[in-house]
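structure-v6.cif follows; it contains mmCIF, C-alpha atoms.
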data_work
loop_
_atom_site.label_atom_id
_atom_site.label_comp_id
_atom_site.auth_asym_id
_atom_site.auth_seq_id
_atom_site.Cartn_x
_atom_site.Cartn_y
_atom_site.Cartn_z
CA MET A 1 27.45 -43.80 11.17
CA LEU A 2 29.96 -44.99 8.59
CA ILE A 3 29.08 -44.39 4.95
CA GLY A 4 31.16 -45.67 2.05
CA VAL A 5 31.03 -43.60 -1.14
CA ILE A 6 32.05 -45.57 -4.22
CA GLY A 7 33.30 -43.33 -7.01
CA ALA A 8 35.60 -40.38 -6.34
CA GLY A 9 34.68 -38.23 -9.32
CA LYS A 10 33.01 -34.85 -8.94
CA TRP A 11 29.64 -36.20 -7.88
CA GLY A 12 30.98 -38.86 -5.54
CA SER A 13 33.32 -36.32 -3.93
CA ALA A 14 30.46 -33.84 -3.54
CA LEU A 15 28.23 -36.41 -1.88
CA ALA A 16 31.06 -37.49 0.43
CA TYR A 17 31.53 -33.85 1.41
CA ALA A 18 27.82 -33.31 2.02
CA LEU A 19 27.25 -36.49 3.99
CA SER A 20 30.29 -35.83 6.20
CA GLU A 21 28.39 -32.97 7.88
CA LYS A 22 26.54 -35.50 10.06
CA ASN A 23 28.33 -38.80 9.50
CA SER A 24 31.67 -40.57 9.29
CA VAL A 25 32.37 -41.02 5.59
CA CYS A 26 35.02 -42.83 3.56
CA ILE A 27 35.44 -42.82 -0.22
CA THR A 28 36.99 -45.11 -2.80
CA SER A 29 37.37 -45.38 -6.57
CA ARG A 30 38.95 -47.56 -9.22
CA THR A 31 41.88 -45.15 -9.45
CA PRO A 32 43.71 -44.41 -6.16
CA ARG A 33 43.33 -40.77 -5.08
CA ASP A 34 45.36 -38.68 -2.67
CA ILE A 35 42.33 -37.38 -0.80
CA GLU A 36 41.15 -37.43 2.79
CA ASN A 37 39.30 -40.57 3.93
CA PHE A 38 40.26 -42.53 0.80
CA VAL A 39 40.14 -46.28 1.48
CA SER A 40 40.28 -49.56 -0.40
CA LEU A 41 37.15 -50.90 -2.08
CA GLU A 42 37.05 -53.73 0.45
CA SER A 43 36.99 -51.25 3.33
CA ALA A 44 34.26 -49.19 1.70
CA LEU A 45 32.11 -52.26 1.05
CA ALA A 46 32.30 -53.09 4.75
CA CYS A 47 30.31 -49.95 5.60
CA GLU A 48 26.67 -50.23 6.67
CA TYR A 49 25.60 -47.60 4.12
CA LEU A 50 26.91 -47.33 0.56
CA VAL A 51 26.47 -44.45 -1.88
CA ILE A 52 27.36 -45.61 -5.40
CA THR A 53 28.19 -43.20 -8.23
CA VAL A 54 29.58 -45.69 -10.76
CA PRO A 55 28.53 -44.44 -14.25
CA ALA A 56 25.53 -46.17 -15.81
CA GLN A 57 27.47 -47.73 -18.69
CA GLN A 58 29.96 -49.30 -16.25
CA VAL A 59 27.55 -50.51 -13.56
CA ALA A 60 26.92 -54.06 -14.83
CA GLY A 61 30.61 -54.83 -15.21
CA TRP A 62 31.45 -53.31 -11.84
CA LEU A 63 28.76 -55.27 -10.03
CA GLU A 64 29.81 -58.50 -11.72
CA ASN A 65 33.54 -58.11 -11.05
CA SER A 66 33.96 -55.93 -7.96
CA PHE A 67 30.85 -55.82 -5.79
CA VAL A 68 30.08 -58.08 -2.85
CA PHE A 69 26.69 -57.74 -1.14
CA ASN A 70 26.60 -58.47 2.57
CA GLY A 71 23.48 -56.67 3.73
CA GLN A 72 24.54 -53.08 3.08
CA LYS A 73 21.95 -50.35 2.56
CA ILE A 74 22.63 -48.87 -0.86
CA LEU A 75 21.85 -45.49 -2.40
CA VAL A 76 22.47 -45.36 -6.16
CA ALA A 77 23.44 -41.82 -7.14
CA SER A 78 24.17 -42.27 -10.86
CA LYS A 79 21.61 -41.79 -13.62
CA GLY A 80 21.22 -43.42 -17.00
CA ILE A 81 20.06 -46.38 -19.08
CA GLU A 82 22.53 -49.06 -20.17
CA ALA A 83 23.06 -48.64 -23.91
CA SER A 84 24.02 -52.26 -24.61
CA SER A 85 20.90 -53.77 -23.03
CA GLY A 86 18.35 -50.97 -22.63
CA LYS A 87 18.09 -51.82 -18.93
CA PHE A 88 17.35 -49.25 -16.23
CA LEU A 89 19.76 -49.14 -13.30
CA ASN A 90 17.23 -50.63 -10.89
CA GLU A 91 16.94 -53.65 -13.22
CA ILE A 92 20.71 -54.09 -13.29
CA TYR A 93 21.11 -53.81 -9.52
CA ALA A 94 18.19 -56.19 -8.90
CA LYS A 95 20.43 -59.15 -9.81
CA TYR A 96 22.78 -58.31 -6.94
CA VAL A 97 20.80 -56.39 -4.29
CA PRO A 98 17.32 -57.14 -2.85
CA SER A 99 14.78 -54.35 -3.34
CA GLU A 100 14.45 -53.71 0.39
CA ASN A 101 18.15 -52.73 0.52
CA ILE A 102 18.37 -50.27 -2.35
CA ALA A 103 17.29 -46.67 -2.99
CA PHE A 104 17.86 -44.24 -5.87
CA LEU A 105 18.75 -40.56 -5.60
CA SER A 106 17.14 -37.99 -7.90
CA GLY A 107 16.61 -34.25 -8.22
CA PRO A 108 18.51 -31.10 -9.26
CA SER A 109 22.09 -31.25 -8.04
CA PHE A 110 25.25 -29.89 -9.64
CA ALA A 111 28.27 -31.28 -7.82
CA THR A 112 30.05 -27.90 -7.80
CA GLU A 113 27.22 -26.24 -5.88
CA VAL A 114 26.89 -29.12 -3.43
CA MET A 115 30.61 -28.71 -2.67
CA GLN A 116 29.86 -25.07 -1.82
CA SER A 117 27.07 -26.07 0.58
CA LEU A 118 24.53 -24.23 -1.56
CA PRO A 119 20.93 -25.31 -0.90
CA THR A 120 18.99 -27.79 -2.99
CA ALA A 121 16.29 -30.43 -2.58
CA LEU A 122 16.58 -34.09 -3.58
CA VAL A 123 14.38 -37.17 -3.61
CA ILE A 124 15.26 -40.58 -2.21
CA ASN A 125 13.29 -43.22 -4.05
CA ALA A 126 12.83 -46.73 -2.67
CA THR A 127 10.18 -49.43 -2.61
CA ASP A 128 10.91 -49.68 1.12
CA GLU A 129 9.75 -46.43 2.71
CA LYS A 130 11.79 -47.00 5.88
CA LEU A 131 14.98 -47.32 3.85
CA ALA A 132 14.22 -44.02 2.09
CA LYS A 133 13.72 -42.33 5.46
CA ASP A 134 16.93 -43.86 6.83
CA PHE A 135 18.92 -42.37 3.95
CA SER A 136 17.06 -39.07 4.24
CA ALA A 137 18.27 -38.68 7.82
CA LEU A 138 21.91 -38.88 6.68
CA PHE A 139 21.79 -35.77 4.49
CA PRO A 140 23.10 -32.35 5.62
CA SER A 141 21.11 -29.29 6.61
CA PHE A 142 21.61 -27.56 3.24
CA ILE A 143 19.95 -30.41 1.32
CA LYS A 144 16.23 -30.86 1.90
CA THR A 145 15.18 -34.42 1.16
CA TYR A 146 11.88 -35.90 0.12
CA THR A 147 11.02 -39.57 -0.22
CA SER A 148 9.13 -41.48 -2.90
CA THR A 149 8.31 -45.07 -3.78
CA ASP A 150 8.29 -44.36 -7.55
CA VAL A 151 11.66 -45.88 -8.38
CA ILE A 152 10.98 -46.28 -12.11
CA GLY A 153 9.75 -42.67 -12.38
CA ALA A 154 12.95 -41.42 -10.78
CA GLU A 155 15.07 -43.70 -12.97
CA ILE A 156 13.46 -42.52 -16.19
CA SER A 157 13.50 -38.86 -15.19
CA GLY A 158 17.15 -38.94 -14.22
CA ALA A 159 18.15 -40.68 -17.44
CA TYR A 160 15.91 -38.90 -19.94
CA LYS A 161 16.66 -35.36 -18.75
CA ASN A 162 20.27 -35.80 -19.86
CA VAL A 163 19.12 -36.47 -23.42
CA ILE A 164 16.91 -33.37 -23.42
CA ALA A 165 19.87 -31.42 -22.01
CA ILE A 166 21.91 -32.39 -25.08
CA ALA A 167 19.09 -31.10 -27.27
CA ALA A 168 18.96 -27.88 -25.26
CA GLY A 169 22.69 -27.42 -25.70
CA ILE A 170 22.26 -27.78 -29.47
CA CYS A 171 19.46 -25.20 -29.34
CA THR A 172 21.66 -22.72 -27.47
CA GLY A 173 24.68 -23.46 -29.65
CA LEU A 174 22.65 -22.68 -32.77
CA GLU A 175 21.59 -19.37 -31.15
CA LEU A 176 17.89 -20.09 -31.63
CA GLY A 177 16.80 -17.88 -28.73
CA ASN A 178 14.96 -18.19 -25.44
CA ASN A 179 11.56 -18.94 -26.99
CA ALA A 180 12.94 -22.00 -28.76
CA ALA A 181 14.75 -23.19 -25.64
CA ALA A 182 11.60 -22.92 -23.52
CA ALA A 183 9.56 -24.76 -26.14
CA LEU A 184 12.17 -27.51 -26.45
CA ILE A 185 12.48 -28.12 -22.72
CA SER A 186 8.68 -28.09 -22.27
CA ARG A 187 8.17 -30.60 -25.06
CA GLY A 188 11.08 -32.61 -23.67
CA LEU A 189 9.24 -32.89 -20.38
CA VAL A 190 6.14 -34.12 -22.21
CA GLU A 191 8.23 -36.68 -24.10
CA MET A 192 9.91 -37.86 -20.89
CA GLN A 193 6.56 -38.20 -19.16
CA ARG A 194 4.99 -40.09 -22.07
CA PHE A 195 7.89 -42.54 -22.03
CA GLY A 196 7.68 -42.94 -18.26
CA LEU A 197 3.95 -43.57 -18.17
CA ALA A 198 4.45 -46.38 -20.69
CA TYR A 199 6.62 -48.06 -18.05
CA GLY A 200 4.20 -47.54 -15.19
CA ALA A 201 5.78 -44.46 -13.61
CA LYS A 202 3.64 -42.07 -11.58
CA GLU A 203 2.64 -38.87 -13.34
CA ASP A 204 3.52 -36.68 -10.35
CA SER A 205 7.17 -37.71 -10.52
CA PHE A 206 7.62 -35.82 -13.78
CA ILE A 207 6.36 -32.47 -12.50
CA GLY A 208 8.38 -32.62 -9.29
CA LEU A 209 12.05 -32.50 -8.36
CA SER A 210 12.98 -35.76 -10.08
CA GLY A 211 11.49 -34.70 -13.41
CA ALA A 212 10.95 -31.00 -14.07
CA GLY A 213 13.37 -29.88 -11.35
CA ASP A 214 16.32 -31.87 -12.62
CA LEU A 215 15.43 -31.23 -16.26
CA PHE A 216 15.26 -27.45 -15.88
CA LEU A 217 18.64 -27.44 -14.16
CA THR A 218 20.46 -29.76 -16.55
CA ALA A 219 19.00 -28.28 -19.73
CA SER A 220 19.81 -24.66 -18.96
CA SER A 221 23.41 -24.39 -17.79
CA THR A 222 26.93 -24.89 -19.11
CA MET A 223 27.67 -26.53 -15.76
CA SER A 224 25.86 -29.54 -17.24
CA ARG A 225 28.14 -31.93 -19.14
CA ASN A 226 25.25 -33.04 -21.32
CA PHE A 227 24.36 -29.45 -22.19
CA ARG A 228 27.99 -28.98 -23.25
CA VAL A 229 27.72 -32.07 -25.46
CA GLY A 230 24.91 -30.26 -27.28
CA LEU A 231 27.00 -27.12 -27.62
CA GLY A 232 29.72 -29.21 -29.25
CA LEU A 233 27.28 -30.85 -31.65
CA ALA A 234 26.00 -27.40 -32.67
CA LYS A 235 29.61 -26.57 -33.61
CA LEU A 236 29.67 -29.72 -35.77
CA GLN A 237 32.23 -31.40 -33.53
CA THR A 238 32.34 -35.18 -33.70
CA GLN A 239 31.16 -37.25 -30.78
CA GLN A 240 34.75 -38.31 -30.01
CA GLU A 241 36.00 -34.71 -30.12
CA ILE A 242 33.33 -33.73 -27.62
CA ILE A 243 34.13 -36.61 -25.28
CA ASP A 244 37.84 -35.79 -25.42
CA THR A 245 37.13 -32.14 -24.62
CA LEU A 246 34.85 -32.99 -21.69
CA GLY A 247 37.33 -35.37 -20.13
CA GLU A 248 34.52 -36.92 -18.08
CA VAL A 249 31.40 -39.01 -18.55
CA ALA A 250 28.28 -37.46 -20.08
CA GLU A 251 25.56 -40.00 -19.27
CA GLY A 252 23.20 -38.58 -21.88
CA ILE A 253 25.20 -40.03 -24.77
CA GLY A 254 24.80 -43.67 -23.74
CA THR A 255 21.21 -43.05 -22.67
CA THR A 256 20.39 -41.58 -26.09
CA TYR A 257 21.51 -44.79 -27.77
CA ALA A 258 19.52 -46.86 -25.26
CA LEU A 259 16.37 -44.80 -25.86
CA HIS A 260 16.78 -45.16 -29.61
CA GLU A 261 16.93 -48.94 -29.34
CA ILE A 262 13.95 -49.05 -26.98
CA ALA A 263 11.92 -46.81 -29.27
CA GLN A 264 12.76 -48.95 -32.29
CA LYS A 265 11.79 -52.20 -30.58
CA ASN A 266 8.59 -50.88 -29.02
CA HIS A 267 7.47 -48.38 -31.70
CA LEU A 268 7.55 -45.44 -29.28
CA TYR A 269 7.27 -41.84 -30.47
CA LEU A 270 10.32 -40.03 -29.05
CA PRO A 271 11.04 -37.24 -31.56
CA ILE A 272 13.56 -35.23 -29.54
CA ALA A 273 15.51 -38.29 -28.43
CA LYS A 274 15.49 -39.53 -32.02
CA GLU A 275 16.99 -36.30 -33.37
CA VAL A 276 19.64 -36.22 -30.63
CA TYR A 277 20.60 -39.77 -31.62
CA LEU A 278 20.82 -38.84 -35.29
CA THR A 279 22.89 -35.75 -34.49
CA LEU A 280 25.29 -37.85 -32.40
CA GLU A 281 25.54 -40.10 -35.45
CA GLY A 282 26.54 -37.16 -37.65
CA LYS A 283 23.33 -35.54 -38.86
CA ASP A 284 23.57 -31.77 -39.29
CA PRO A 285 21.80 -30.16 -36.28
CA HIS A 286 20.10 -27.63 -38.56
CA GLU A 287 18.45 -30.55 -40.36
CA SER A 288 17.37 -32.04 -37.03
CA LEU A 289 15.78 -28.73 -36.09
CA ARG A 290 13.93 -28.62 -39.40
CA ASP A 291 12.65 -32.15 -38.95
CA LEU A 292 11.47 -31.45 -35.39
CA LEU A 293 9.51 -28.44 -36.62
CA THR A 294 7.93 -30.17 -39.60
CA HIS A 295 7.03 -33.65 -38.29
#

For this file, produce the structure as structure tokens.
Amino acid sequence: MLIGVIGAGKWGSALAYALSEKNSVCITSRTPRDIENFVSLESALACEYLVITVPAQQVAGWLENSFVFNGQKILVASKGIEASSGKFLNEIYAKYVPSENIAFLSGPSFATEVMQSLPTALVINATDEKLAKDFSALFPSFIKTYTSTDVIGAEISGAYKNVIAIAAGICTGLELGNNAAAALISRGLVEMQRFGLAYGAKEDSFIGLSGAGDLFLTASSTMSRNFRVGLGLAKLQTQQEIIDTLGEVAEGIGTTYALHEIAQKNHLYLPIAKEVYLTLEGKDPHESLRDLLTH
């Protein structure tokens, strides 16, 4: 079984490692890498199964300029909402891939721990249940997989949790304590669920692995890039300083801007996402905390 992984960053490399337990796997990226099984994009696209980790803010351009669909079964393993359009990833991919050929990966999964074969559980979300089961069978013994048809619930959970993780990083950086962190993450889950239900997501998705599971992981560890963005904001670092320090993509930044635009257009009440946006724009995080507590 030949699987092509597109994107050779930490997450793409981790998935290539995990999937190679039971399958033949190749990997490619925009920048050539001196790693085992690295191939050209054309060779990767020729595989029957594709796992795509292209960052959310780059997906539309990549699909338009580099992707060729020829019947492949595709698992999207990136998470986010496109800031420029407010589109979810499933909406962007729909222009290029029929729904029966595409699935979306969700759940708690730090790349570093996957590379160590440490156990976790993930969800494969697809409107086509057979496709979800086909992808499930490809995963290694240390990753337990579940399947779901709630694609939009998985999409929103995977995107929104990164924004709450930024807020949690601010909370930790300001040394507000465990009580505040627990309250913030809990209310973040409520906010995420409220947003998701407005888009027709299933309620159960937000209390399972895709929602609460991924949120609790991402919003509680310095292994999370988005959590580290929050730590930087608490230190009054600029957005550019934080990005330069990270040296890698933090999907929560673009998603925060997308959520802000969506909330403005549709008059949605997203208080935590709003304060993260304002903090990214330069608002003092202490003022954001005060406003969250008083409004």

Check: Between A:Thr53, A:Gln264, A:Thr256, A:Thr28, which is the closest to Ile81 (chain A) once you count all atoms listed in the file?
Finding: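 When distances to Ile81 (chain A) are compared using all atoms listed in the file, the smallest one comes from A:Thr256.
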
Item checked: Residue with smallest distance to Lys202 (chain A) - pool A:Thr218, A:Ser117, A:Ser29, A:Ser157, counting all atoms listed in the file -> A:Ser157

Next item on the list: For the structure shown, which residues end up in the PyMOL selection byres ((chain A and resi 35) around 12)? Put them as an NGL selection string, please?
Entry: :A and (8-9 or 13 or 16-17 or 26-29 or 31-34 or 36-39)

Within 6 Å of (30.2, -34.3, -26.0) in the file's own coordinates, which protein, DNA or RNA residues have an atom, counting all atoms listed in the file? List them as an mmCIF file with C-alpha atoms, keeping the file's coordinate frame.
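Saved to result39.cif:
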data_model
loop_
_atom_site.group_PDB
_atom_site.id
_atom_site.type_symbol
_atom_site.label_atom_id
_atom_site.label_comp_id
_atom_site.auth_asym_id
_atom_site.auth_seq_id
_atom_site.Cartn_x
_atom_site.Cartn_y
_atom_site.Cartn_z
ATOM 1 C CA VAL A 229 27.720 -32.070 -25.460
ATOM 2 C CA GLN A 239 31.160 -37.250 -30.780
ATOM 3 C CA ILE A 242 33.330 -33.730 -27.620
ATOM 4 C CA ILE A 243 34.130 -36.610 -25.280
#

Next item on the list: State, in Å with one decimal place, the distance from CA of Ala132 (chain A) to CA of Cys47 (chain A).
Entry: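 Distance reported for this atom pair: 17.5 Å.
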
Could the centre and edge lengths of an axis-aligned box, enclosing all atoms of region 224-241 of chain A in the file with 6 Å extra on each side, be given in Å to one decimal as JSON?
{"center_x": 30.2, "center_y": -32.4, "center_z": -26.5, "size_x": 23.6, "size_y": 23.7, "size_z": 30.5}

Checklist line | Polymer residues at most 12 Å from Glu281 (chain A), all atoms listed in the file, same-chain spacing of 3 or more positions, as a list in words | finding: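 Once the adjacent positions are removed, what remains is Leu233, Leu236, Gln237, Thr238, Gln239, Gln240, Ile253, Thr256, Tyr257, His260, Lys274, Glu275, Val276, Tyr277, Leu278, Asp284, Pro285 and Ser288 of chain A.
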
Note to self: Once the PyMOL selection byres ((chain A and resi 91) around 12) has been evaluated on this model, what residues remain selected, and can you format them as a ChimeraX atom specification?
What the structure shows: /A:56,59-60,80-82,85-90,92-99,102,104,151-152,155

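The smallest atom-to-atom distance between Gln116 (chain A) and any of A:Ile207, A:Ala14, A:Val25, A:Thr145, using all atoms listed in the file, is found for A:Ala14.
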